[in-house]
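> One file: coords.cif (mmCIF, C-alpha atoms).
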```cif
data_run
#
loop_
_atom_site.label_atom_id
_atom_site.label_comp_id
_atom_site.auth_asym_id
_atom_site.auth_seq_id
_atom_site.Cartn_x
_atom_site.Cartn_y
_atom_site.Cartn_z
CA MET A 1271 179.80 -146.62 -14.43
CA LEU A 1272 180.74 -146.01 -18.02
CA GLY A 1273 178.74 -147.80 -20.66
CA MET A 1274 180.78 -150.43 -22.47
CA PHE A 1275 179.74 -149.18 -25.88
CA SER A 1276 179.92 -145.47 -25.18
CA ILE A 1277 182.47 -142.72 -25.59
CA LEU A 1278 182.95 -140.29 -22.73
CA LEU A 1279 184.62 -136.92 -23.25
CA GLY A 1280 183.21 -135.05 -20.28
CA ALA A 1281 184.82 -132.12 -18.50
CA SER A 1282 185.45 -134.24 -15.42
CA ASP A 1283 187.42 -136.85 -17.38
CA LEU A 1284 188.83 -134.97 -20.34
CA GLY A 1285 190.60 -137.23 -22.80
CA ALA A 1286 189.17 -140.49 -21.45
CA GLN A 1287 187.64 -142.79 -24.04
CA VAL A 1288 185.87 -146.13 -23.67
CA ASN A 1289 185.52 -148.70 -26.45
CA ASN A 1290 187.37 -146.72 -29.09
CA PRO A 1291 187.73 -149.21 -32.00
CA GLN A 1292 190.62 -147.31 -33.55
CA LEU A 1293 192.46 -147.24 -30.22
CA GLN A 1294 191.85 -150.94 -29.67
CA LYS A 1295 193.28 -151.72 -33.11
CA GLN A 1296 196.39 -149.66 -32.35
CA LEU A 1297 196.91 -151.29 -28.96
CA GLU A 1298 196.39 -154.77 -30.38
CA GLY A 1299 199.03 -154.09 -33.03
CA VAL A 1300 201.53 -152.97 -30.40
CA TYR A 1301 200.85 -156.00 -28.20
CA SER A 1302 201.13 -158.42 -31.11
CA LYS A 1303 204.46 -156.90 -32.16
CA TRP A 1304 205.70 -157.06 -28.56
CA ARG A 1305 204.55 -160.68 -28.21
CA ASN A 1306 206.29 -161.71 -31.45
CA ALA A 1307 209.49 -160.11 -30.16
CA MET A 1308 209.23 -162.18 -26.98
CA VAL A 1309 208.59 -165.43 -28.86
CA GLN A 1310 211.38 -164.75 -31.37
CA LYS A 1311 213.76 -163.38 -28.70
CA ASP A 1312 214.15 -160.17 -30.68
CA ALA A 1313 215.76 -157.71 -28.23
CA ARG A 1314 215.63 -154.76 -30.63
CA THR A 1315 211.89 -155.00 -31.30
CA TRP A 1316 211.23 -155.73 -27.64
CA GLY A 1317 212.94 -152.45 -26.76
CA GLN A 1318 210.94 -150.57 -29.40
CA THR A 1319 207.57 -151.86 -28.14
CA THR A 1320 208.07 -151.89 -24.36
CA ALA A 1321 207.51 -148.84 -22.14
CA LYS A 1322 210.81 -147.36 -20.94
CA SER A 1323 209.85 -147.58 -17.27
CA ARG A 1324 208.99 -151.27 -17.72
CA GLN A 1325 212.30 -151.90 -19.49
CA MET A 1326 214.16 -150.37 -16.56
CA ALA A 1327 212.14 -152.36 -14.00
CA ILE A 1328 212.89 -155.61 -15.85
CA ARG A 1329 216.56 -154.68 -16.26
CA ASN A 1330 216.81 -153.91 -12.54
CA ARG A 1331 215.26 -157.23 -11.59
CA ILE A 1332 217.53 -159.20 -13.92
CA TYR A 1333 220.62 -157.43 -12.59
CA SER A 1334 219.40 -157.99 -9.02
CA GLU A 1335 219.25 -161.73 -9.77
CA ARG A 1336 222.79 -161.61 -11.21
CA ARG A 1337 221.60 -162.62 -14.67
CA ALA A 1338 222.54 -161.30 -18.11
CA TYR A 1339 220.60 -158.44 -19.72
CA PRO A 1340 218.89 -158.33 -22.20
CA GLN A 1341 219.27 -162.07 -22.89
CA SER A 1342 217.38 -163.04 -19.71
CA VAL A 1343 214.35 -160.95 -20.74
CA PHE A 1344 213.23 -163.93 -22.80
CA ASP A 1345 213.72 -166.57 -20.08
CA ILE A 1346 210.06 -166.90 -19.18
CA PRO A 1347 208.09 -170.01 -18.09
CA ALA A 1348 205.38 -169.59 -20.73
CA ALA A 1349 204.84 -167.61 -23.92
CA PRO A 1350 202.67 -164.49 -23.63
CA PRO A 1351 199.13 -165.35 -24.76
CA SER A 1352 197.96 -164.34 -28.20
CA VAL A 1353 194.84 -162.17 -28.44
CA ALA A 1354 193.90 -163.78 -31.75
CA GLY A 1355 190.64 -165.62 -31.16
CA LEU A 1356 189.80 -163.59 -28.05
CA LYS A 1357 186.91 -161.12 -27.96
CA GLY A 1358 187.97 -157.51 -27.51
CA LEU A 1359 185.55 -156.04 -24.99
CA SER A 1360 186.86 -152.51 -24.58
CA ALA A 1361 189.72 -150.06 -25.02
CA HIS A 1362 190.05 -147.17 -22.60
CA ARG A 1363 192.40 -144.20 -22.71
CA LYS A 1364 193.13 -141.60 -20.06
CA GLY A 1365 195.99 -139.19 -20.57
CA ALA A 1366 199.13 -141.07 -21.59
CA THR A 1367 197.80 -144.45 -20.41
CA ALA A 1368 195.45 -146.99 -21.96
CA THR A 1369 193.97 -150.41 -21.31
CA SER A 1370 192.46 -153.07 -23.54
CA VAL A 1371 190.28 -155.92 -22.25
CA TYR A 1372 189.86 -159.35 -23.86
CA PHE A 1373 187.69 -162.34 -23.02
CA GLY A 1374 188.01 -165.94 -24.13
CA LYS A 1375 190.32 -168.91 -23.93
CA VAL A 1376 193.53 -167.19 -22.84
CA ASP A 1377 196.21 -169.71 -23.79
CA PHE A 1378 199.71 -169.61 -22.29
CA GLY A 1379 200.74 -172.71 -24.22
CA VAL A 1380 201.38 -174.88 -21.17
CA GLY A 1381 198.95 -177.64 -22.10
CA GLY A 1382 195.45 -178.46 -20.99
CA ASP A 1383 192.20 -176.98 -22.23
CA PRO A 1384 192.09 -173.21 -21.50
CA ALA A 1385 188.84 -171.93 -20.03
CA ASP A 1386 187.17 -168.59 -20.71
CA ASN A 1387 188.98 -165.90 -18.71
CA LEU A 1388 189.91 -162.22 -18.92
CA LEU A 1389 193.11 -160.58 -20.13
CA LEU A 1390 193.73 -156.93 -19.26
CA LEU A 1391 196.56 -155.19 -21.14
CA HIS A 1392 198.16 -151.91 -20.02
CA PHE A 1393 199.92 -149.39 -22.28
CA VAL A 1394 201.82 -146.10 -21.99
CA ASN A 1395 202.08 -143.40 -24.64
CA GLU A 1396 205.64 -142.20 -25.22
CA GLY A 1397 206.29 -139.45 -27.76
CA GLY A 1398 202.99 -140.12 -29.52
CA SER A 1399 203.46 -143.89 -29.76
CA TRP A 1400 201.82 -146.56 -27.63
CA LYS A 1401 204.16 -148.95 -25.80
CA TYR A 1402 203.22 -152.16 -23.99
CA ASP A 1403 203.57 -152.03 -20.20
CA THR A 1404 202.02 -154.97 -18.32
CA ALA A 1405 199.21 -157.53 -18.41
CA ASP A 1406 196.78 -158.86 -15.81
CA PHE A 1407 195.31 -162.34 -16.22
CA ILE A 1408 191.99 -162.62 -14.39
CA ASN A 1409 191.16 -166.26 -13.72
CA LEU A 1410 187.38 -166.58 -13.39
CA LEU A 1411 187.46 -170.02 -11.77
CA ALA A 1412 186.37 -168.50 -8.46
CA LEU A 1413 183.82 -166.25 -10.24
CA PRO A 1414 181.64 -168.71 -12.17
CA GLU A 1415 178.67 -166.32 -12.31
CA VAL A 1416 180.84 -163.59 -13.84
CA ARG A 1417 182.10 -166.07 -16.43
CA LYS A 1418 178.51 -167.00 -17.30
CA GLN A 1419 177.53 -163.34 -17.64
CA LEU A 1420 180.43 -162.64 -19.98
CA GLN A 1421 179.68 -165.74 -22.04
CA ALA A 1422 176.10 -164.52 -22.37
CA GLY A 1423 177.25 -161.12 -23.64
CA ASP A 1424 176.75 -159.20 -20.39
CA TYR A 1425 179.97 -157.19 -19.99
CA THR A 1426 178.97 -155.21 -16.90
CA TYR A 1427 181.78 -156.75 -14.86
CA VAL A 1428 184.52 -155.13 -16.97
CA GLU A 1429 182.91 -151.68 -16.78
CA GLN A 1430 184.35 -151.14 -13.31
CA LYS A 1431 187.24 -148.74 -12.74
CA ASP A 1432 189.86 -151.48 -12.28
CA PHE A 1433 189.66 -152.26 -16.00
CA GLN A 1434 190.11 -148.65 -17.09
CA ALA A 1435 193.28 -146.63 -17.66
CA SER A 1436 194.43 -144.75 -14.57
CA GLY A 1437 195.95 -141.74 -16.29
CA VAL A 1438 199.02 -142.18 -14.09
CA VAL A 1439 202.22 -142.97 -16.00
CA PRO A 1440 204.45 -145.42 -14.09
CA PRO A 1441 207.49 -143.60 -12.65
CA MET A 1442 210.96 -144.40 -13.98
CA PRO A 1443 212.70 -146.69 -11.47
CA ILE A 1444 216.13 -145.79 -10.16
CA ALA A 1445 218.68 -147.68 -12.26
CA VAL A 1446 220.78 -150.27 -10.45
CA GLY A 1447 223.85 -152.15 -11.58
CA PRO A 1448 224.50 -155.90 -11.29
CA ALA A 1449 223.99 -156.97 -7.66
CA LYS A 1450 226.93 -158.23 -5.66
CA TYR A 1451 224.67 -160.46 -3.56
CA ILE A 1452 221.16 -161.72 -4.40
CA ALA A 1453 218.69 -160.84 -1.64
CA LYS A 1454 215.01 -161.59 -1.10
CA VAL A 1455 212.36 -160.11 1.18
CA TYR A 1456 210.04 -162.70 2.71
CA THR A 1457 206.85 -161.71 4.50
CA PHE A 1458 204.11 -163.66 6.28
CA CYS A 1459 201.34 -161.20 7.15
CA PRO A 1460 197.82 -162.63 7.55
CA GLY A 1461 195.36 -159.82 8.23
CA ARG A 1462 197.92 -157.09 7.59
CA ASP A 1463 199.19 -154.63 5.02
CA VAL A 1464 203.00 -154.57 5.14
CA LYS A 1465 205.42 -152.30 3.28
CA VAL A 1466 209.17 -152.95 3.27
CA LYS A 1467 212.00 -150.86 1.81
CA VAL A 1468 215.59 -152.12 1.53
CA ASN A 1469 218.55 -149.78 1.09
CA LYS A 1470 216.20 -146.89 0.21
CA ILE A 1471 215.75 -148.39 -3.29
CA SER A 1472 213.80 -151.63 -3.21
CA ASP A 1473 210.10 -151.17 -2.36
CA HIS A 1474 207.86 -154.13 -1.47
CA HIS A 1475 204.16 -154.26 -0.64
CA PHE A 1476 202.46 -157.34 0.85
CA ILE A 1477 198.76 -157.64 1.70
CA ASP A 1478 197.40 -160.58 3.73
CA THR A 1479 199.82 -163.04 2.18
CA LYS A 1480 202.88 -165.24 2.44
CA ALA A 1481 205.33 -164.28 -0.31
CA ALA A 1482 208.92 -163.45 -1.25
CA GLU A 1483 210.31 -160.84 -3.66
CA VAL A 1484 213.77 -160.11 -5.03
CA VAL A 1485 215.49 -157.08 -3.50
CA ILE A 1486 216.23 -154.60 -6.29
CA GLY A 1487 219.92 -153.76 -6.16
CA GLY A 1488 220.61 -156.81 -4.00
CA GLY A 1489 222.69 -156.80 -0.86
CA LYS A 1490 225.89 -154.78 -0.54
CA ASP A 1491 229.06 -155.12 1.48
CA GLY A 1492 228.78 -153.57 4.92
CA LEU A 1493 225.64 -151.91 6.22
CA ASN A 1494 222.25 -152.60 4.61
CA GLU A 1495 219.08 -150.79 5.73
CA VAL A 1496 215.60 -152.25 6.24
CA GLN A 1497 212.51 -150.13 6.90
CA PHE A 1498 208.95 -151.40 7.29
CA ALA A 1499 205.43 -150.22 8.01
CA THR A 1500 202.50 -152.39 9.10
CA LYS A 1501 198.74 -151.86 9.26
CA ALA A 1502 195.93 -154.17 10.34
CA LEU A 1503 193.35 -154.83 7.63
CA GLU A 1504 189.63 -154.35 8.16
CA GLY A 1505 188.15 -157.53 9.60
CA SER A 1506 191.40 -158.76 11.13
CA THR A 1507 191.86 -159.33 14.87
CA GLY A 1508 195.09 -157.35 15.03
CA LYS A 1509 196.60 -160.26 16.96
CA GLU A 1510 197.81 -162.35 14.03
CA ALA A 1511 201.41 -163.55 13.91
CA MET A 1512 203.71 -161.79 11.45
CA THR A 1513 207.19 -162.27 10.00
CA ILE A 1514 209.45 -160.06 7.89
CA ARG A 1515 212.81 -161.47 6.81
CA VAL A 1516 215.61 -160.68 4.38
CA TYR A 1517 217.53 -163.64 2.99
CA LEU A 1518 220.84 -163.61 1.14
CA MET A 1519 220.99 -166.16 -1.66
CA SER A 1520 224.21 -167.90 -2.69
CA THR A 1521 224.97 -168.71 -6.32
CA VAL A 1522 227.01 -171.70 -5.15
CA PRO A 1523 225.02 -174.96 -5.57
CA GLY A 1524 224.12 -176.57 -2.25
CA THR A 1525 224.67 -173.42 -0.17
CA LYS A 1526 221.60 -172.56 1.90
CA PRO A 1527 220.23 -168.99 2.06
CA ILE A 1528 221.46 -166.86 4.95
CA LYS A 1529 218.83 -165.16 7.11
CA ALA A 1530 220.27 -161.64 7.36
CA PHE A 1531 217.32 -159.86 9.00
CA GLU A 1532 214.19 -160.87 10.87
CA TYR A 1533 211.30 -159.12 12.57
CA GLN A 1534 208.93 -161.74 13.94
CA VAL A 1535 205.85 -161.38 16.13
CA LYS A 1536 203.99 -164.29 17.68
CA GLU A 1537 200.21 -164.46 17.75
CA GLY A 1538 198.81 -162.03 20.31
CA GLU A 1539 201.98 -159.96 20.60
CA GLU A 1540 202.07 -156.26 19.78
CA VAL A 1541 203.17 -155.32 16.27
CA LYS A 1542 205.18 -152.17 15.56
CA PRO A 1543 203.44 -149.81 13.13
CA PHE A 1544 206.87 -148.70 11.89
CA GLY A 1545 210.39 -150.01 12.17
CA SER A 1546 213.92 -149.34 10.95
CA SER A 1547 216.86 -151.67 11.30
CA HIS A 1548 219.86 -153.00 9.41
CA PHE A 1549 222.01 -156.02 8.66
CA VAL A 1550 225.69 -156.27 7.83
CA ILE A 1551 227.37 -158.35 5.13
CA ASP A 1552 230.86 -158.96 6.46
CA ALA A 1553 233.84 -160.84 5.04
CA LYS A 1554 232.79 -164.14 6.63
CA MET A 1555 229.27 -163.95 5.19
CA ALA A 1556 230.60 -162.89 1.78
CA LYS A 1557 232.93 -165.88 1.69
CA LYS A 1558 230.05 -168.24 2.41
CA LEU A 1559 227.86 -166.66 -0.27
CA ASN A 1560 230.61 -166.68 -2.90
CA GLY A 1561 231.99 -170.11 -2.02
#
```
What's the structure tokens form of this structure?

Amino acid sequence: MLGMFSILLGASDLGAQVNNPQLQKQLEGVYSKWRNAMVQKDARTWGQTTAKSRQMAIRNRIYSERRAYPQSVFDIPAAPPSVAGLKGLSAHRKGATATSVYFGKVDFGVGGDPADNLLLLHFVNEGGSWKYDTADFINLLALPEVRKQLQAGDYTYVEQKDFQASGVVPPMPIAVGPAKYIAKVYTFCPGRDVKVKVNKISDHHFIDTKAAEVVIGGGKDGLNEVQFATKALEGSTGKEAMTIRVYLMSTVPGTKPIKAFEYQVKEGEEVKPFGSSHFVIDAKMAKKLNG
């Protein structure tokens, strides 16, 4: 493990730096500028401070939900937390990526008394300038001992690799236009790792969960493709029930979602490791979705 207060420039990790105060100051400035843009709904500054790949991913999602871009960028349930008042634990750079870790009362402004938790910020370097990418909020409610260690000044927990920059720049997503039909992938997969791809564009990854995600690009008239891959997780029985579905969502109030695709396995039944299928959006279905 790398020491929290060390700098590593070894041959095996050339260009990687841990706890670089100058880097942390730069990253904090970028994040603060990005956050102000979000709070003030400043689309121009948001575009200047957000990584291009992240901008495209957000644009694709908004278009896939048939919402307006860039106005909908700022339709968020809570304001991004400020890092003012938080303790900066480390800044790590590897290649064109960087991370910055903070500890303290991470406040999303939704009321209540925030507890001490971790905030991990990710950045990408574009043309010599750092741009904000994503953030991970690590709630320490289920890790009370870790919270105590951090409060006592023991930062060993954040020395692990998960808190460090990967060196891998996120790929640029394929651009999609406004979706004709909103679609969602739903998966119930206890004990399994499930990957789903819709129309060769929208990738989804579910691990031991019950969740739904928006299909990037949405549904289209005529034939729509669905591909999936499943794998039992270590410790599972391999006999758990599993469900993969694609729903089409109407924008007409009161119209229920249409189940367009389903692969369902009951407990104890054999699960396909791979599968490829399709669903069709015909004129009758389109009329129901559009009212």
> Give the answer as one residue: which of A:Ala1338, A:Ala1349, A:Val1466, A:Leu1359 has the shortest atom-to-atom distance to Gly1423 of chain A, using only C-alpha atoms?
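Looking at the shortest contact to Gly1423 of chain A, the residue is A:Leu1359.
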> Given the point (226.1, -152.9, -9.0) in the coordinates of this file, which residues lie within 9 Å, counting only C-alpha atoms, and how would they look as a VMD selection string?
chain A and resid 1333 to 1334 1446 to 1450 1487 to 1488 1490
> Give me the segment 1356-1419 of chain A side of the contact with segment 1300-1318 of chain A, cut-off 8 Å, one line per residue showing its nearest atom pair and distance in Å at one decimal, counting all atoms listed in the file, sorted by chain and residue number, as JSON lines.

```
{"residue": "A:Trp1400", "atom": "CA", "partner": "A:Val1300", "partner_atom": "CA", "distance": 7.0}
{"residue": "A:Lys1401", "atom": "CA", "partner": "A:Val1300", "partner_atom": "CA", "distance": 6.7}
{"residue": "A:Tyr1402", "atom": "CA", "partner": "A:Tyr1301", "partner_atom": "CA", "distance": 6.2}
```
> When you count all atoms listed in the file, which of these residues is closest to Phe1378 of chain A: A:Ser1399, A:Phe1549, A:Ile1346, A:Lys1526?
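So, comparing all the options, the nearest one is A:Ile1346.
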> Can you measure atom CA of Ala1366 of chain A to atom CA of Arg1329 of chain A for me? One decimal in Å is fine.
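Between atom CA of Ala1366 of chain A and atom CA of Arg1329 of chain A the gap is 22.7 Å.
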> With the file shown as input, list the residues that the PyMOL selection byres ((chain A and resi 1370) around 9) selects, as number ranges by chain.
A: 1289, 1293-1294, 1297-1298, 1358-1363, 1368-1369, 1371-1372, 1389-1393, 1433-1435
> Quick one: residues within 12 Å of Gly1489 of chain A, all atoms listed in the file, excluding same-chain residues fewer than 5 positions away - as a ChimeraX atom specification?
/A:1333-1336,1446-1455,1468-1472,1484,1494-1496,1516-1520,1528,1530-1531,1548-1552,1555-1556,1559
> Skip Met1512 of chain A itself and residues of its chain fewer than 6 positions away, then list as a ChimeraX atom specification all residues within 7 Å of it, counting only C-alpha atoms.
/A:1458-1459,1534-1536
> Contacts of Leu1413 of chain A at 12 Å or less, counting only C-alpha atoms, minus same-chain residues fewer than 3 places along, as a list in words?
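The residues satisfying every condition are Asp1386, Asn1387, Leu1388, Ile1408, Asn1409, Leu1410, Val1416, Arg1417, Lys1418, Gln1419, Leu1420 and Tyr1427 of chain A.
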